[in-house]
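J.: Please find one structure pasted underneath; my questions will follow.
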Amino acid sequence: MEIAANTAPVITIGSAKEFADKEVTIRGWLYGKRSSGKIHFLLVRDGTGIIQAVVVKAEVTPEVFELSDKLTQESSIIVKGKLRLDGRAPGGVEMTVTDLQLVSLAQDYPIGRKEHGPDFLMNNRHLWLRSSRQHAIMKIRSTVIKSVRDFLDSNGFILIDAPILTPAACEGTTTLFETDYFGDKAYLTQSGQLYMEAAAMAFGRVYCFGPTFRAEKSKTRRHLTEFWMVEPEMAYCDLEENMAIQERFVAYIVRQVLEKNADELKILERDIELLLKVEPPFIRLSYDEAVDIIKKGGVEIEWGDDFGSPQETYLMEQFDKPVFVYNFPAAVKAFYMKRHPERPELAVCSDLLAPEGYGEIIGGGQRSDDLEYLLEQIEVHKLPKDAYEWYLDLRRYGSVPHGGFGLGIERTVAWICKLDHVRETIPFARMLTRIYP
RNA sequence: UCCGAGGUAGCUCAAUGGCAGAGCCACCGGCUGUUAACCGGUAGGUUAGAGGUUCGAAUCCUCUCCUCGGAGCCA
């Protein structure tokens with residue numbers, strides 16, 4: 001590199017304030033440019049932030065000034081200059097350029113600094129990720145994932161990865177992506193839960209974290225065909241304890257984002273008032289109570305129905321913090337759910353609904369620990385018993401009450417960031433009509 | 001799969017049966033403090049595709065394709 005680092009240390013823009021009044025080198029890309037004739041204002045980004053670098057004609061060589069005039073958006077550059085604290089600069093610090101080196105001149109950059117439609121931006125997702133709004137979202141996603149791991153790791157959970165290629169449906173309800181497995185059929189996982197039950201019997205408290213695949217033809221702002229889910233599972237655990245862990249878990253995640261990503265929430269113009277209310281205890285409603293509330297609100301529902309979108313939306317409008325709805329009718333839940341001992345028409349389970357219209361972010365509950373009941377359910381649901389023998393073994397060899405839950409990362413991030421679509425919460429979204437880039 | 005909205009310049013949009021336009025981007029010129037800078041100029045079009053109605057179609061009709069939103073299903 002022509003600009004020698006030893007004459008001015010290479011720094012990141014994120015740490016620029018610490019180098020006020022010092023000459024430094026910044027390696028990055030041109031985010032934007034303005035000119036006023038004999039002064040050029042270069043907005044330089046390096047992944048850690050954006051800084052304005054000022055090129056004054058009278059203070060640099062003619063070559064440097066001409067080069068700065070010709071720079072195109074997203075050209076990669078190395079700038080050297082003196083940092084100054086300046087109230088006029090958005091980040092509070094600004095650079096007066098002394099030297100400038102072009103690394104690569106960008107061709108016409110497709111993403112301008114004006115409005116674009118979602119289709120265009122998603123087609124250019126690989127470039128869209130460079131924008132500051134997407135940076136904010138990805139940083140928050142990163143915090144959410146770290147918080148998930150930190151919380152579980154420090155609460156006695158062991159990370160046990162579940163397989164992604166699976167021989168059969170976990171739940172038998174949703175559509176799976178099929179793939180060829182040396183002449184046999186295999187499917188991309190739609191949940192690691194059954195494997196986590198095996199792991200919980202081995203380790204007590206476990207979780208898996210990874211991508212999940214659903215081949216459903218859902219076309220809504222809440223659906224992806226590939227999304228990330230964390231699935232904790234706990235041996236010797238009842239629904240009360242399960243929900244208690246969930247609310248501490250979600251509260252911890254939100255608190256971490258509020259602490260670590262204040263700048264990012266500001267970029268997203270997120271009103272944090274409602275996030276500050278995400279502290280235990282959350283609201284707890286039985287399915288019976290929830291149906292009463294929905295009925296009183298004049299929204300159509302019959303006892304026994306699963307919640308559709310209008311029902312869920314109405315229910316959440318009544319509260320400004322997350323809500324557990326527990327003990328749903330067993331008929332609308334998966335075959336492995338434990339039945340309520342006094343009311344066998346109910347499953348011992350819960351969903352956690354996020355406020356502000358974001359809906360279900362967690363689904364969970366007690367798994368049946370009774371061998372006879374599971375054999376019966378496998379028959380009723382017409383599932384291939386052979387494929388579940390290993391799962392049934394868990395009830396043959398030291399069965400215990402156990403439960404767990406699954407939290408969807410993208411829906412959680414969408415809620416915390418208050419985005420109107422989950423497609424912005426994952427770097428490269430896979431959706432019904434999109435697998436590029 | 002069903003319901004609704006839409007497809008016009010690279011991007012965001014206007015033109016509703018009568019000359020296809022604007023802003024941004026690009027390019028050229030001007031400007032020593034700009035904040036999505038501003039000012040002047042240049043370039044840019046098979047109006048998604050096919051067919052039809054009409055003197056005349058971006059505009060009306062039919063079909064196809066694509067996108068967006070919603071439903072169902074779910075995290």
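Lettering and numbering for the structure tokens are positional, with chains as A, B, ... in the shown order, residues counted from 1 in each chain, and ligands counted from 1 in the shown order.
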Each residue of chain A lying at most 9 Å from chain B should get a row with its shortest atom-to-atom pair and the distance in Å to one decimal, counting only C-alpha atoms (C1' of nucleotides); could you produce that, ordered by chain and increasing number, as a Markdown table?
T.:
| residue | atom | partner | partner_atom | distance |
| --- | --- | --- | --- | --- |
| A:Arg34 | CA | B:U34 | C1' | 6.1 |
| A:Ser35 | CA | B:U34 | C1' | 6.7 |
| A:Ser36 | CA | B:C31 | C1' | 5.5 |
| A:Gly37 | CA | B:C31 | C1' | 5.1 |
| A:Lys38 | CA | B:U32 | C1' | 5.5 |
| A:Ile39 | CA | B:U32 | C1' | 5.7 |
| A:His40 | CA | B:U34 | C1' | 8.2 |
| A:Phe41 | CA | B:U34 | C1' | 6.7 |
| A:Val56 | CA | B:U32 | C1' | 7.7 |
| A:Lys57 | CA | B:U32 | C1' | 8.5 |
| A:Arg88 | CA | B:U35 | C1' | 8.7 |
| A:Ala89 | CA | B:U35 | C1' | 8.2 |
| A:Pro90 | CA | B:U35 | C1' | 8.1 |
| A:Asp108 | CA | B:A26 | C1' | 7.4 |
| A:Tyr109 | CA | B:C25 | C1' | 8.6 |
| A:Pro110 | CA | B:G10 | C1' | 6.9 |
| A:Ile111 | CA | B:C11 | C1' | 7.5 |
| A:Gly112 | CA | B:C25 | C1' | 6.6 |
| A:Arg113 | CA | B:A36 | C1' | 5.6 |
| A:Lys114 | CA | B:A36 | C1' | 6.3 |
| A:Glu115 | CA | B:U12 | C1' | 5.9 |
| A:His116 | CA | B:U12 | C1' | 6.2 |
| A:Gly117 | CA | B:U12 | C1' | 7.8 |
| A:Pro118 | CA | B:C68 | C1' | 8.4 |
| A:Asp119 | CA | B:U67 | C1' | 6.9 |
| A:Phe120 | CA | B:C11 | C1' | 8.5 |
| A:Thr174 | CA | B:C73 | C1' | 7.4 |
| A:Arg214 | CA | B:C74 | C1' | 8.8 |
| A:Glu216 | CA | B:C73 | C1' | 7.2 |
| A:Lys217 | CA | B:C73 | C1' | 8.5 |
| A:Ser218 | CA | B:C73 | C1' | 7.4 |
| A:Lys219 | CA | B:G70 | C1' | 8.4 |
| A:Thr220 | CA | B:G70 | C1' | 7.2 |
| A:Arg221 | CA | B:G69 | C1' | 8.5 |
| A:Arg222 | CA | B:A75 | C1' | 8.7 |
| A:His223 | CA | B:C74 | C1' | 8.1 |
| A:Phe227 | CA | B:A75 | C1' | 8.2 |
| A:Trp228 | CA | B:A75 | C1' | 8.6 |
| A:Met229 | CA | B:A75 | C1' | 7.3 |
| A:Gly308 | CA | B:G72 | C1' | 8.8 |
| A:Ser309 | CA | B:A71 | C1' | 8.7 |
| A:Glu360 | CA | B:A75 | C1' | 6.9 |
| A:Ile361 | CA | B:A75 | C1' | 5.7 |
| A:Ile362 | CA | B:A75 | C1' | 6.5 |
| A:Gly363 | CA | B:A75 | C1' | 7.3 |
| A:Gly406 | CA | B:A75 | C1' | 7.3 |
| A:Leu407 | CA | B:A75 | C1' | 6.4 |
| A:Gly408 | CA | B:A75 | C1' | 4.4 |
| A:Ile409 | CA | B:A75 | C1' | 7.9 |
| A:Glu410 | CA | B:A75 | C1' | 8.2 |
| A:Arg411 | CA | B:A75 | C1' | 7.0 |
J.: Enumerate, as a PyMOL selection string, the complete set of residues in stretch 109-342 of chain A that a backbone-based DSSP assignment places in alpha helix (DSSP H).
T.: chain A and resi 118-123+125-128+132-153+193-203+239-260+262-267+273-276+287-296+309-317
J.: Residues near A:Asp161, anyone? I mean within 9 Å using only C-alpha atoms (C1' of nucleotides), not counting same-chain ones fewer than 5 positions away, as a ChimeraX atom specification.
T.: /A:192,195-196,207-210
J.: What are the DSSP strand (DSSP E or B) residues of stretch 322-409 of chain A, as a PyMOL selection string?
T.: chain A and resi 323-326+329+337+339+346-347+349-354+359-367+402-408
J.: What lies within 10 Å of stretch 41-48 of chain B using only C-alpha atoms (C1' of nucleotides), ignoring chain neighbours under 4 positions off, as a PyMOL selection string?
T.: chain B and resi 7-10+20+26-29+58+65-66
J.: Using only C-alpha atoms (C1' of nucleotides), which residues sit within 6 Å of A:Trp29 once same-chain residues fewer than 6 positions away are excluded, as a PyMOL selection string?
T.: chain A and resi 44-45+74-77
J.: If we count only C-alpha atoms (C1' of nucleotides) and set the cut-off at 12 Å, which residues sit around A:Val332, ignoring sequence neighbours fewer than 4 positions away in its own chain? Please answer as a PyMOL selection string.
T.: (chain A and resi 173+287+303-308+327-328+336-337+345-347+349) or (chain B and resi 73)
J.: Excluding same-chain residues fewer than 5 positions from A:Asp21, what lies within 8 Å of it counting only C-alpha atoms (C1' of nucleotides), as a count of residues only?
T.: 4
J.: Record the distance separating atom CA of A:Met431 and atom CA of A:Thr225, expressed in Å with one decimal.
T.: 5.2 Å
J.: If I take atom CA of A:Glu317 and atom CA of A:Thr212, how far is one from the other in Å, to one decimal?
T.: 29.3 Å
